[in-house]
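*Asks:* What follows is input32.txt; its format and atoms are compact mmCIF, C-alpha atoms.
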```txt
# COMPACT_ATOMS: atom_id res chain seq x y z
CA MET F 1 0.00 0.00 0.00
CA ASN F 2 1.53 3.33 -1.02
CA LYS F 3 1.92 6.29 1.31
CA VAL F 4 -0.94 8.24 -0.30
CA MET F 5 -3.41 5.41 0.35
CA LYS F 6 -2.19 5.01 3.93
CA LEU F 7 -2.65 8.76 4.51
CA GLY F 8 -6.16 8.58 3.13
CA LEU F 9 -7.08 5.77 5.50
CA VAL F 10 -5.80 7.82 8.43
CA LEU F 11 -7.60 11.02 7.41
CA LEU F 12 -10.95 9.31 6.77
CA PRO F 13 -11.86 8.59 10.44
CA ILE F 14 -10.55 12.01 11.47
CA LEU F 15 -12.77 13.78 8.94
CA THR F 16 -15.73 11.57 9.88
CA ALA F 17 -15.25 12.42 13.55
CA CYS F 18 -15.12 16.12 12.70
CA ASP F 19 -18.36 15.84 10.71
CA ASN F 20 -20.06 14.07 13.63
CA ALA F 21 -18.82 16.74 16.04
CA LYS F 22 -20.39 19.41 13.84
CA ASN F 23 -23.71 17.58 14.07
CA ILE F 24 -23.68 17.53 17.90
CA LYS F 25 -25.86 20.41 19.07
CA GLU F 26 -25.40 22.22 22.35
CA LYS F 27 -28.40 22.30 24.65
CA GLY F 28 -29.21 25.35 26.70
CA VAL F 29 -32.00 27.47 28.09
CA LEU F 30 -33.41 30.65 26.62
CA VAL F 31 -34.67 32.93 29.36
CA ASN F 32 -37.06 35.77 28.61
CA ASN F 33 -38.07 38.48 31.08
CA PRO F 34 -41.18 40.43 29.99
CA ALA F 35 -40.87 44.19 29.71
CA GLU F 36 -43.23 44.47 32.69
CA GLY F 37 -41.21 41.94 34.75
CA GLY F 38 -39.07 42.41 37.82
CA ALA F 39 -35.46 43.60 37.76
CA MET F 40 -34.06 41.04 40.20
CA THR F 41 -32.67 37.52 40.53
CA GLN F 42 -35.48 35.01 40.15
CA TRP F 43 -35.59 31.25 40.66
CA VAL F 44 -36.98 29.40 37.66
CA SER F 45 -37.76 25.78 36.98
CA VAL F 46 -35.87 24.49 33.95
CA PRO F 47 -37.90 21.93 31.91
CA VAL F 48 -35.24 19.21 31.84
CA PRO F 49 -36.34 15.59 32.54
CA ASP F 50 -35.23 14.36 35.95
CA ALA F 51 -33.49 11.48 34.17
CA GLN F 52 -30.92 14.10 33.14
CA SER F 53 -30.11 15.07 36.72
CA GLN F 54 -26.41 15.27 35.88
CA TRP F 55 -27.05 18.57 34.07
CA ARG F 56 -26.84 22.10 35.47
CA VAL F 57 -27.23 25.59 34.02
CA LYS F 58 -23.80 26.98 33.23
CA GLY F 59 -22.75 30.33 34.70
CA VAL F 60 -25.49 30.67 37.34
CA PRO F 61 -26.34 28.87 40.58
CA SER F 62 -28.57 25.88 39.81
CA GLU F 63 -29.67 22.85 41.78
CA TRP F 64 -32.01 19.87 41.56
CA ARG F 65 -34.75 20.12 44.20
CA ASN F 66 -37.83 18.27 45.34
CA THR F 67 -41.17 19.28 43.83
CA PRO F 68 -44.54 19.36 45.62
CA GLU F 69 -45.62 16.49 43.36
CA GLY F 70 -42.88 14.27 44.78
CA GLY F 71 -40.45 14.44 41.87
CA LYS F 72 -37.30 16.40 41.13
CA ALA F 73 -36.77 19.54 39.06
CA LEU F 74 -33.80 21.67 38.06
CA PHE F 75 -33.99 25.21 39.42
CA ALA F 76 -31.72 28.10 38.48
CA ALA F 77 -31.21 31.62 39.85
CA ILE F 78 -31.22 34.00 36.90
CA ASN F 79 -31.22 37.80 36.60
CA VAL F 80 -32.35 39.05 33.20
CA THR F 81 -33.12 42.70 32.47
CA PRO F 82 -36.85 43.26 31.87
CA GLY F 83 -37.67 43.28 28.19
CA THR F 84 -34.68 41.14 27.20
CA SER F 85 -33.71 37.50 26.66
CA GLU F 86 -30.51 35.61 27.49
CA TYR F 87 -29.15 32.20 26.62
CA TYR F 88 -27.43 29.89 29.15
CA PRO F 89 -25.82 26.59 28.13
CA LEU F 90 -26.59 23.39 29.98
CA THR F 91 -23.51 21.63 31.30
CA ARG F 92 -22.51 18.50 33.16
CA ILE F 93 -22.53 18.72 36.94
CA SER F 94 -18.73 18.55 37.09
CA ALA F 95 -18.49 21.72 35.01
CA GLY F 96 -21.34 23.59 36.72
CA GLN F 97 -20.90 26.53 39.06
CA PRO F 98 -20.47 25.32 42.68
CA VAL F 99 -23.53 26.05 44.82
CA GLU F 100 -22.94 27.33 48.32
CA ASP F 101 -25.26 26.60 51.23
CA PHE F 102 -27.52 29.63 51.45
CA ALA F 103 -30.80 28.21 52.82
CA HIS F 104 -31.73 26.36 55.98
CA ALA F 105 -34.75 25.29 58.04
CA GLU F 106 -34.80 23.53 61.40
CA LEU F 107 -36.60 22.76 64.65
CA SER F 108 -34.73 21.74 67.81
CA ILE F 109 -36.06 20.36 71.09
CA ARG F 110 -34.39 20.52 74.48
CA THR F 111 -33.16 17.24 75.96
CA GLY F 112 -32.02 15.84 79.30
CA GLY F 113 -34.80 17.25 81.46
CA GLU F 114 -38.45 16.86 82.36
CA TRP F 115 -41.66 18.85 82.37
CA ASN F 116 -42.75 20.76 85.46
CA GLY F 117 -46.20 21.99 84.51
CA THR F 118 -45.76 24.12 81.39
CA VAL F 119 -42.00 24.58 81.87
CA TYR F 120 -39.31 22.15 80.70
CA GLU F 121 -36.53 21.98 83.30
CA ALA F 122 -33.03 20.68 82.63
CA GLN F 123 -29.54 21.34 83.92
CA GLU F 124 -28.21 22.46 80.55
CA PHE F 125 -29.45 23.79 77.23
CA SER F 126 -28.77 20.76 75.06
CA PHE F 127 -30.84 20.43 71.91
CA GLU F 128 -31.66 17.81 69.30
CA THR F 129 -32.70 18.82 65.80
CA VAL F 130 -35.74 16.86 64.60
CA GLU F 131 -37.40 16.42 61.21
CA HIS F 132 -40.84 15.70 62.67
CA PHE F 133 -42.39 17.00 65.87
CA VAL F 134 -45.79 16.97 67.57
CA ALA F 135 -46.24 19.67 70.20
CA PRO F 136 -46.95 18.28 73.68
CA GLU F 137 -50.17 19.51 75.29
CA GLN F 138 -48.32 21.53 77.96
CA LEU F 139 -46.21 23.51 75.46
CA THR F 140 -46.86 27.24 75.68
CA ASP F 141 -44.93 30.49 75.44
CA HIS F 142 -41.64 30.47 77.34
CA SER F 143 -41.74 26.75 78.10
CA TYR F 144 -37.97 26.60 77.48
CA TYR F 145 -38.40 23.45 75.40
CA LEU F 146 -37.93 24.56 71.80
CA ARG F 147 -34.78 26.38 70.78
CA TYR F 148 -35.82 29.99 70.01
CA GLU F 149 -39.40 28.80 70.61
CA GLY F 150 -40.18 27.16 67.29
CA PRO F 151 -39.13 26.40 63.70
CA GLY F 152 -36.60 28.71 62.08
CA TRP F 153 -35.77 29.26 58.43
CA GLU F 154 -33.34 31.51 56.58
CA SER F 155 -31.76 32.51 53.30
CA ASP F 156 -28.51 34.40 52.94
CA LYS F 157 -30.54 37.62 53.31
CA VAL F 158 -32.65 37.16 56.45
CA GLY F 159 -34.08 34.63 58.87
CA TYR F 160 -37.49 34.02 60.45
CA ARG F 161 -38.93 32.02 63.33
CA LEU F 162 -42.46 30.83 64.09
CA TYR F 163 -43.66 30.76 67.69
CA PHE F 164 -44.82 27.14 67.96
CA ASP F 165 -47.43 27.81 70.64
CA TRP F 166 -50.74 29.64 71.00
CA ARG F 167 -49.17 32.96 69.90
CA ASN F 168 -48.31 31.59 66.44
CA ALA F 169 -46.52 34.81 65.43
CA ILE F 170 -43.66 35.11 62.94
CA ASP F 171 -40.55 36.97 64.11
CA VAL F 172 -37.50 38.17 62.18
CA PHE F 173 -33.82 37.32 62.60
CA VAL F 174 -31.62 39.94 60.88
CA LYS F 175 -28.25 38.73 59.60
CA THR F 176 -24.92 40.50 59.18
CA GLY F 177 -23.54 37.92 56.72
CA SER F 178 -24.63 35.36 54.14
CA ASP F 179 -23.80 32.07 55.85
CA PRO F 180 -26.50 30.02 57.61
CA VAL F 181 -26.54 30.91 61.31
CA LEU F 182 -29.71 29.49 62.84
CA SER F 183 -28.10 26.23 63.96
CA LYS F 184 -26.00 28.32 66.37
CA VAL F 185 -28.80 30.56 67.68
CA GLY F 186 -30.19 29.97 71.17
CA GLN F 187 -27.78 27.20 72.08
CA ASP F 188 -26.92 29.01 75.33
CA GLY F 189 -30.48 29.70 76.37
CA TYR F 190 -33.26 32.09 75.46
CA ASP F 191 -31.91 35.61 75.93
CA SER F 192 -28.70 36.06 73.94
CA TYR F 193 -30.33 36.28 70.50
CA HIS F 194 -32.37 39.30 71.60
CA LEU F 195 -29.12 41.30 71.51
CA LEU F 196 -27.26 42.24 68.33
CA SER F 197 -24.24 39.95 68.00
CA GLU F 198 -21.64 39.14 65.38
CA TRP F 199 -24.14 37.12 63.31
CA GLY F 200 -27.15 39.42 63.81
CA GLY F 201 -30.11 39.10 66.17
CA ASP F 202 -33.81 38.74 66.83
CA ALA F 203 -35.22 42.04 65.63
CA LEU F 204 -38.98 42.47 65.36
CA LYS F 205 -41.16 43.98 68.08
CA VAL F 206 -43.98 41.43 67.87
CA GLY F 207 -45.95 42.19 71.05
CA LYS F 208 -49.54 40.97 70.82
CA SER F 209 -49.55 40.99 67.02
CA LEU F 210 -49.17 38.18 64.47
CA GLY F 211 -45.70 39.48 63.58
CA VAL F 212 -44.98 39.40 59.87
CA GLY F 213 -47.59 37.30 58.11
CA ALA F 214 -48.75 34.69 60.62
CA LEU F 215 -52.34 33.42 60.45
CA GLY F 216 -55.18 34.38 62.75
CA ARG F 217 -58.99 34.37 62.78
CA LYS F 218 -61.11 37.48 63.01
CA THR F 219 -63.83 37.30 65.66
CA ASP F 220 -66.17 39.75 67.37
CA ASP F 221 -63.66 39.93 70.23
CA GLY F 222 -60.63 40.65 68.05
CA ILE F 223 -58.03 38.48 66.36
CA LEU F 224 -57.82 34.92 67.66
CA HIS F 225 -54.40 33.29 67.49
CA PHE F 226 -54.06 29.52 68.06
CA GLN F 227 -55.47 29.25 71.57
CA TYR F 228 -57.79 26.39 70.63
CA VAL F 229 -56.03 23.66 68.63
CA ASP F 230 -56.17 19.89 69.20
CA ASN F 231 -52.72 19.12 67.78
CA THR F 232 -49.88 21.02 66.14
CA SER F 233 -47.14 19.23 64.20
CA TYR F 234 -44.03 20.12 62.19
CA THR F 235 -42.37 18.27 59.31
CA LEU F 236 -39.18 19.25 57.52
CA LEU F 237 -39.66 18.97 53.76
CA GLU F 238 -36.36 20.09 52.26
CA ASN F 239 -32.98 21.46 53.26
CA SER F 240 -31.05 21.84 50.02
CA GLN F 241 -28.21 24.26 49.33
CA THR F 242 -30.53 26.88 47.82
CA SER F 243 -33.98 26.18 49.23
CA ALA F 244 -35.54 25.18 52.54
CA SER F 245 -39.14 24.26 53.32
CA PHE F 246 -41.28 22.76 56.05
CA LYS F 247 -44.95 22.31 56.87
CA VAL F 248 -47.02 22.86 59.98
CA ASN F 249 -50.35 21.09 60.53
CA TYR F 250 -53.00 22.39 62.91
CA GLU F 251 -55.79 19.96 63.77
CA ASN F 252 -59.18 21.42 64.64
CA TRP F 253 -58.29 25.10 64.95
CA ALA F 254 -61.45 26.31 66.70
CA LEU F 255 -63.02 29.54 67.89
CA ASP F 256 -63.39 28.37 71.50
CA GLU F 257 -62.58 25.54 73.87
CA ASN F 258 -65.72 23.71 72.77
CA GLY F 259 -64.33 23.25 69.26
CA SER F 260 -66.74 25.64 67.55
CA ALA F 261 -66.15 26.10 63.81
CA GLY F 262 -63.05 23.90 63.93
CA VAL F 263 -60.95 23.60 60.79
CA ASP F 264 -57.75 21.72 59.94
CA ILE F 265 -55.02 23.94 58.49
CA GLN F 266 -51.79 23.01 56.72
CA THR F 267 -49.18 25.70 56.07
CA VAL F 268 -46.09 25.12 53.92
CA TYR F 269 -43.22 27.61 54.19
CA ARG F 270 -40.44 27.89 51.60
CA ILE F 271 -37.46 30.23 51.29
CA ASN F 272 -34.86 30.45 48.50
CA ALA F 273 -31.28 31.67 48.35
CA PHE F 274 -30.60 35.29 47.29
CA ASP F 275 -34.08 36.36 48.36
CA PRO F 276 -35.65 37.44 51.69
CA THR F 277 -39.12 36.31 50.56
CA THR F 278 -40.94 33.44 52.28
CA HIS F 279 -43.58 31.72 50.14
CA ILE F 280 -46.53 30.37 52.15
CA ASN F 281 -49.17 27.94 50.85
CA VAL F 282 -52.23 27.18 52.96
CA LYS F 283 -54.73 24.33 52.72
CA ALA F 284 -57.90 24.13 54.82
CA SER F 285 -60.17 21.15 55.41
CA GLU F 286 -63.12 23.41 54.65
CA ALA F 287 -63.69 26.97 53.54
CA ALA F 288 -63.65 28.89 56.83
CA SER F 289 -64.46 32.58 57.07
CA GLY F 290 -62.43 35.12 58.98
CA ILE F 291 -58.92 33.78 58.35
CA VAL F 292 -56.36 36.58 58.16
CA ALA F 293 -52.62 37.13 57.83
CA GLY F 294 -51.41 39.87 60.14
CA LEU F 295 -48.63 42.44 59.80
CA VAL F 296 -47.68 44.15 63.05
CA ALA F 297 -48.86 47.76 63.09
CA HIS F 298 -46.41 49.98 64.99
CA ASP F 299 -46.74 53.69 65.51
CA ASN F 300 -44.30 55.92 63.63
CA THR F 301 -44.07 53.56 60.68
CA GLN F 302 -44.90 54.40 57.09
CA VAL F 303 -47.53 52.17 55.50
CA ILE F 304 -47.10 51.10 51.89
CA ASP F 305 -50.21 49.82 50.13
CA VAL F 306 -49.82 48.85 46.47
CA LYS F 307 -52.06 46.84 44.15
CA GLY F 308 -51.16 45.44 40.77
CA ALA F 309 -53.33 43.55 38.31
CA GLU F 310 -53.19 40.23 40.21
CA TRP F 311 -51.19 40.82 43.40
CA GLY F 312 -51.26 43.35 46.19
CA VAL F 313 -48.89 44.16 49.04
CA ILE F 314 -49.22 45.81 52.45
CA GLY F 315 -45.88 46.94 53.85
CA THR F 316 -44.45 48.98 56.70
CA TRP F 317 -41.18 50.85 57.07
CA GLY F 318 -39.69 52.40 60.17
CA PRO F 319 -38.34 51.90 63.71
CA GLN F 320 -39.97 48.61 64.73
CA SER F 321 -36.91 46.72 65.95
CA VAL F 322 -35.91 45.61 69.45
CA LEU F 323 -32.26 46.22 68.54
CA GLY F 324 -32.47 49.99 68.96
CA ASP F 325 -34.92 52.88 69.02
CA GLN F 326 -33.78 54.02 65.58
CA ASP F 327 -33.19 50.56 64.11
CA LYS F 328 -35.48 50.25 61.09
CA LEU F 329 -37.12 47.30 59.41
CA GLY F 330 -39.10 46.95 56.21
CA LEU F 331 -41.88 44.34 56.42
CA ALA F 332 -44.45 43.19 53.88
CA VAL F 333 -47.22 40.70 53.13
CA PHE F 334 -48.04 39.96 49.48
CA TYR F 335 -51.43 38.49 48.55
CA ARG F 336 -53.48 37.53 45.50
CA LEU F 337 -56.26 40.01 44.87
CA ASP F 338 -58.73 37.29 43.89
CA GLN F 339 -58.17 35.44 47.20
CA VAL F 340 -58.85 38.27 49.65
CA VAL F 341 -61.81 40.28 50.86
CA GLY F 342 -59.59 43.27 51.55
CA VAL F 343 -57.03 44.76 53.92
CA GLU F 344 -57.96 46.62 57.09
CA LYS F 345 -56.35 47.95 60.26
CA GLY F 346 -56.87 45.95 63.45
CA GLU F 347 -55.89 46.68 67.04
CA PHE F 348 -52.36 45.28 66.68
CA ASP F 349 -52.04 44.39 62.98
CA HIS F 350 -52.69 45.34 59.41
CA LEU F 351 -54.96 42.46 58.40
CA VAL F 352 -55.06 40.71 55.03
CA MET F 353 -58.52 39.10 55.11
CA PHE F 354 -58.85 35.94 53.02
CA LYS F 355 -62.04 34.73 51.41
CA PRO F 356 -63.47 31.41 52.62
CA LEU F 357 -61.22 29.11 50.59
CA THR F 358 -59.77 25.62 50.92
CA ALA F 359 -56.44 26.74 49.42
CA PHE F 360 -54.66 30.07 49.14
CA GLU F 361 -51.15 31.48 49.03
CA TYR F 362 -49.30 34.55 50.15
CA LYS F 363 -45.74 35.74 50.69
CA ILE F 364 -43.89 37.64 53.40
CA LEU F 365 -40.70 39.67 53.35
CA ALA F 366 -38.41 41.43 55.83
CA VAL F 367 -35.54 43.80 55.00
CA TRP F 368 -32.94 45.24 57.36
CA PRO F 369 -31.29 48.38 55.92
CA GLN F 370 -28.10 47.77 57.90
CA ARG F 371 -27.62 44.67 55.74
CA ASP F 372 -29.36 45.77 52.54
CA GLU F 373 -27.77 49.19 52.14
CA ALA F 374 -29.61 49.88 48.88
CA ILE F 375 -32.89 49.76 50.82
CA HIS F 376 -32.23 52.79 53.01
CA SER F 377 -35.57 54.61 52.90
CA ALA F 378 -39.31 54.08 52.66
CA GLU F 379 -39.13 55.11 49.01
CA ALA F 380 -36.46 52.53 48.22
CA PHE F 381 -38.41 49.85 50.10
CA SER F 382 -41.57 50.76 48.19
CA THR F 383 -39.65 50.43 44.91
CA LEU F 384 -38.51 46.95 45.98
CA LEU F 385 -42.08 45.89 46.76
CA GLU F 386 -43.35 47.17 43.43
CA ASP F 387 -40.54 45.36 41.64
CA LYS F 388 -41.55 42.17 43.47
CA LEU F 389 -45.14 42.61 42.35
CA ASN F 390 -43.92 42.97 38.76
CA ALA F 391 -41.98 39.71 39.08
CA PHE F 392 -44.94 37.82 40.60
CA GLU F 393 -47.32 39.01 37.90
CA ASN F 394 -44.91 38.75 34.97
CA PRO F 395 -42.51 35.87 35.73
CA ILE F 396 -39.59 35.07 33.48
CA SER F 397 -40.07 32.15 31.09
CA VAL F 398 -37.58 29.40 30.31
CA GLN F 399 -37.30 27.28 27.18
CA VAL F 400 -34.80 24.49 26.46
CA VAL F 401 -33.26 25.03 23.03
CA GLU F 402 -30.49 23.55 20.88
CA LYS F 403 -27.75 25.49 19.12
```
Once you've parsed the file, please lay out its structure as structure tokens.

*Replies:*
Amino acid sequence: MNKVMKLGLVLLPILTACDNAKNIKEKGVLVNNPAEGGAMTQWVSVPVPDAQSQWRVKGVPSEWRNTPEGGKALFAAINVTPGTSEYYPLTRISAGQPVEDFAHAELSIRTGGEWNGTVYEAQEFSFETVEHFVAPEQLTDHSYYLRYEGPGWESDKVGYRLYFDWRNAIDVFVKTGSDPVLSKVGQDGYDSYHLLSEWGGDALKVGKSLGVGALGRKTDDGILHFQYVDNTSYTLLENSQTSASFKVNYENWALDENGSAGVDIQTVYRINAFDPTTHINVKASEAASGIVAGLVAHDNTQVIDVKGAEWGVIGTWGPQSVLGDQDKLGLAVFYRLDQVVGVEKGEFDHLVMFKPLTAFEYKILAVWPQRDEAIHSAEAFSTLLEDKLNAFENPISVQVVEK
């Protein structure tokens, strides 16, 4: 065989391989943000089959998470200017951007002691984190049994806690940094987190209110919290790097000790990285009237009330923090217009009043200007809330394409 023929035999597979390489198309996602959309980082579900769980979105944080339906889905954090589109390649997990741990949810119970009436007594504050918990009948406020008194959840922006007793209010933990901190909070007892420390601190003046977005029931005597409930339980749903969620079930939430107008309620809380927003979904065993979400109403705060085409928001801005007389917080509750009767002022709260429904959703948000320096005034906070409304009403769309 001459040299020319040998060279041809060598070149043939090389050229064939090059032709095949040209035919291999890159897969990616085309992201479009409507002109009326929000100018912020948004989490989107990428329509990739879960059989391809080795894929990520290149150049942005992305992670496979659980879905409410029990499956898995790829989520990505993407910031696209309103009115524009951007393309992001899909890549193998080994080449994807590393995802840091920016979300966390937990509930911890005290161990090594025993109950004395409604108080749990032990020699030390030793705690065990649990994924499922049913509240004992004697649990009440300041029982010294649950670390910081209930479930906590956080993103890199802010943290929250739910009083897991009759008060059922939602409080705010402000953070000085991005790392998860709640696993360290309250380990030495129940007072230290009320003071500003290196990581942050418990901030909101809750008082007799529902805090920021907790549920209550409107009665002729005022707003009923969870004084009359047969059982209350907690279940952790997810603790991924970028998202945390849990659910709380209330059995037979009634208007009085006789069980009048009792209804079972399930609330699911979810928070994502890079966002202070908590998404709350509620299911009820029957359509009960008078259910509200409260937002603490302090004097000397500015009230922000904005309505879009589908969503509305009630917000407050001002000195409403226990960390100092001039320490400001921005708080908000977002709601779907078609799910509410209206918003009114109560004795301790601004009240979002839901229609009698078996399912509804709303969202809450807290901002601390010492951490979020861009949100330094009521005007800036109002702009943020309006931008959020734009994002809720005009979400970005994602399409898998080939190039």

*Asks:* Go through F:Lys72, F:Arg161, F:Thr140, F:Thr277 and flag the residue nearest Tyr193 in chain F, using only C-alpha atoms for the distances.

*Replies:* F:Arg161

*Asks:* List the spatial neighbours of Glu286 in chain F as a PyMOL selection string - criterion: any atom at most 8 Å away, only C-alpha atoms, same-chain residues fewer than 2 positions off excluded.

*Replies:* chain F and resi 263-264+284+288+357-358

*Asks:* So that I can check the surroundings of Val119 in chain F, please list as a VMD selection string every protein, DNA and RNA residue that reaches within 9 Å of it, counting all atoms listed in the file and ignoring chain neighbours fewer than 5 positions away.

*Replies:* chain F and resid 114 138 to 140 142 to 145

*Asks:* Between CA of Ala332 in chain F and CA of Leu385 in chain F, what is the distance in Å, rounded to a tenth?

*Replies:* 8.0 Å

*Asks:* Which of these, F:Val367, F:Leu389, F:Val303, F:Ala214, has the shortest distance to Val352 in chain F once you count only C-alpha atoms?

*Replies:*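 Closest to Val352 in chain F of all the choices is F:Ala214.
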
*Asks:* Kindly give the distance, in Å, that separates CA of Glu128 in chain F and CA of Asn249 in chain F, rounded to a single decimal.

*Replies:*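 These two atoms are separated by 20.9 Å.
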
*Asks:* Within 6 Å of range 47-63 of chain F, counting only C-alpha atoms, which residues show up once you throw out same-chain ones fewer than 6 positions away? Write them as an MDAnalysis selection string, please.

*Replies:* chainID F and resid 72 74:77 89:93 96 99

*Asks:* So how many Å separate CA of His194 in chain F and CA of Lys175 in chain F, to one decimal?

*Replies:*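 CA of His194 in chain F sits 12.7 Å away from CA of Lys175 in chain F.
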
*Asks:* Which residues of range 206-302 of chain F have any atom within 9 Å of an atom in range 362-366 of chain F when counting only C-alpha atoms, and what is the closest pair of atoms for each, with the distance in Å to one decimal? Order the rows by chain and rising number and write it as CSV.

*Replies:*
```
residue,atom,partner,partner_atom,distance
F:Val212,CA,F:Ile364,CA,6.8
F:Gly213,CA,F:Ile364,CA,6.0
F:Asp275,CA,F:Leu365,CA,8.9
F:Pro276,CA,F:Leu365,CA,5.8
F:Thr277,CA,F:Leu365,CA,4.6
F:Thr278,CA,F:Ile364,CA,5.3
F:His279,CA,F:Lys363,CA,4.6
F:Ile280,CA,F:Tyr362,CA,5.4
F:Asn281,CA,F:Tyr362,CA,6.6
F:Val282,CA,F:Tyr362,CA,8.4
F:Ala293,CA,F:Tyr362,CA,8.8
```

*Asks:* Between F:Met353, F:Val296, F:Ala73, F:Val130, which one has atoms that come closest to Phe246 in chain F, using only C-alpha atoms?

*Replies:*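 When distances to Phe246 in chain F are compared using only C-alpha atoms, the smallest one comes from F:Val130.
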
*Asks:* Could the residues of range 134-221 of chain F that have an atom at most 9 Å from range 318-326 of chain F be listed as a Markdown table, each with its closest atom pair and the distance in Å to one decimal, counting all atoms listed in the file and ordered by chain and ascending residue number?

*Replies:*
```
| residue | atom | partner | partner_atom | distance |
| --- | --- | --- | --- | --- |
| F:His194 | CA | F:Val322 | CA | 7.5 |
| F:Leu195 | CA | F:Leu323 | CA | 6.5 |
| F:Leu196 | CA | F:Leu323 | CA | 6.4 |
| F:Gly201 | CA | F:Leu323 | CA | 7.8 |
| F:Asp202 | CA | F:Val322 | CA | 7.6 |
| F:Ala203 | CA | F:Ser321 | CA | 5.0 |
| F:Leu204 | CA | F:Ser321 | CA | 4.8 |
| F:Lys205 | CA | F:Ser321 | CA | 5.5 |
| F:Val206 | CA | F:Gln320 | CA | 8.8 |
```

*Asks:* Which protein, DNA or RNA residues have an atom at most 12 Å from (-47.9, 42.7, 69.8), counting only C-alpha atoms? List them as number ranges by chain.

*Replies:* F: 167-171, 204-212, 223, 225, 294-299, 320, 346-350

*Asks:* From the list F:Asn390, F:Thr41, F:Asn272, F:Thr129, which residue is nearest Arg65 in chain F when using all atoms listed in the file?

*Replies:*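 Of all the options, F:Asn272 lies closest to Arg65 in chain F.
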
*Asks:* Between F:Asp188, F:Glu379, F:Gln370, F:Thr235, which residue has the minimum interatomic distance to Ala135 in chain F, considering all atoms listed in the file?

*Replies:*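 Among the listed residues, F:Thr235 lies closest to Ala135 in chain F.
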
*Asks:* Which of these, F:Ile396, F:Thr267, F:Ile304, F:Ser377, has the shortest distance to Ala359 in chain F once you count only C-alpha atoms?

*Replies:*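 Closest candidate: F:Thr267.
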
*Asks:* Rebuild range 43-54 of chain F to N, CA, C and O atoms - output it as a CSV table (one decimal), keeping the file's coordinate frame, please.

*Replies:*
```csv
chain,number,residue,atom,x,y,z
F,43,TRP,N,-35.8,32.7,40.8
F,43,TRP,CA,-35.6,31.2,40.7
F,43,TRP,C,-36.6,30.7,39.7
F,43,TRP,O,-37.8,31.0,39.8
F,44,VAL,N,-36.1,30.0,38.7
F,44,VAL,CA,-37.0,29.4,37.7
F,44,VAL,C,-36.8,27.9,37.6
F,44,VAL,O,-35.7,27.4,37.8
F,45,SER,N,-37.8,27.2,37.2
F,45,SER,CA,-37.8,25.8,37.0
F,45,SER,C,-37.4,25.5,35.5
F,45,SER,O,-38.0,26.1,34.6
F,46,VAL,N,-36.3,24.8,35.3
F,46,VAL,CA,-35.9,24.5,34.0
F,46,VAL,C,-36.5,23.2,33.5
F,46,VAL,O,-36.3,22.1,34.2
F,47,PRO,N,-37.2,23.1,32.3
F,47,PRO,CA,-37.9,21.9,31.9
F,47,PRO,C,-37.0,20.9,31.3
F,47,PRO,O,-37.0,20.6,30.1
F,48,VAL,N,-36.1,20.3,32.2
F,48,VAL,CA,-35.2,19.2,31.8
F,48,VAL,C,-35.7,18.0,32.6
F,48,VAL,O,-36.0,18.0,33.8
F,49,PRO,N,-35.9,16.8,31.9
F,49,PRO,CA,-36.3,15.6,32.5
F,49,PRO,C,-35.4,15.2,33.7
F,49,PRO,O,-34.2,15.4,33.6
F,50,ASP,N,-36.0,14.7,34.8
F,50,ASP,CA,-35.2,14.4,36.0
F,50,ASP,C,-34.3,13.2,35.7
F,50,ASP,O,-33.3,13.0,36.5
F,51,ALA,N,-34.5,12.5,34.6
F,51,ALA,CA,-33.5,11.5,34.2
F,51,ALA,C,-32.1,12.1,33.8
F,51,ALA,O,-31.1,11.4,33.7
F,52,GLN,N,-32.2,13.4,33.5
F,52,GLN,CA,-30.9,14.1,33.1
F,52,GLN,C,-30.4,14.9,34.3
F,52,GLN,O,-30.0,16.1,34.2
F,53,SER,N,-30.5,14.3,35.5
F,53,SER,CA,-30.1,15.1,36.7
F,53,SER,C,-28.6,15.4,36.8
F,53,SER,O,-28.2,16.1,37.8
F,54,GLN,N,-27.8,14.9,35.9
F,54,GLN,CA,-26.4,15.3,35.9
F,54,GLN,C,-26.2,16.6,35.3
F,54,GLN,O,-25.0,17.1,35.3
```
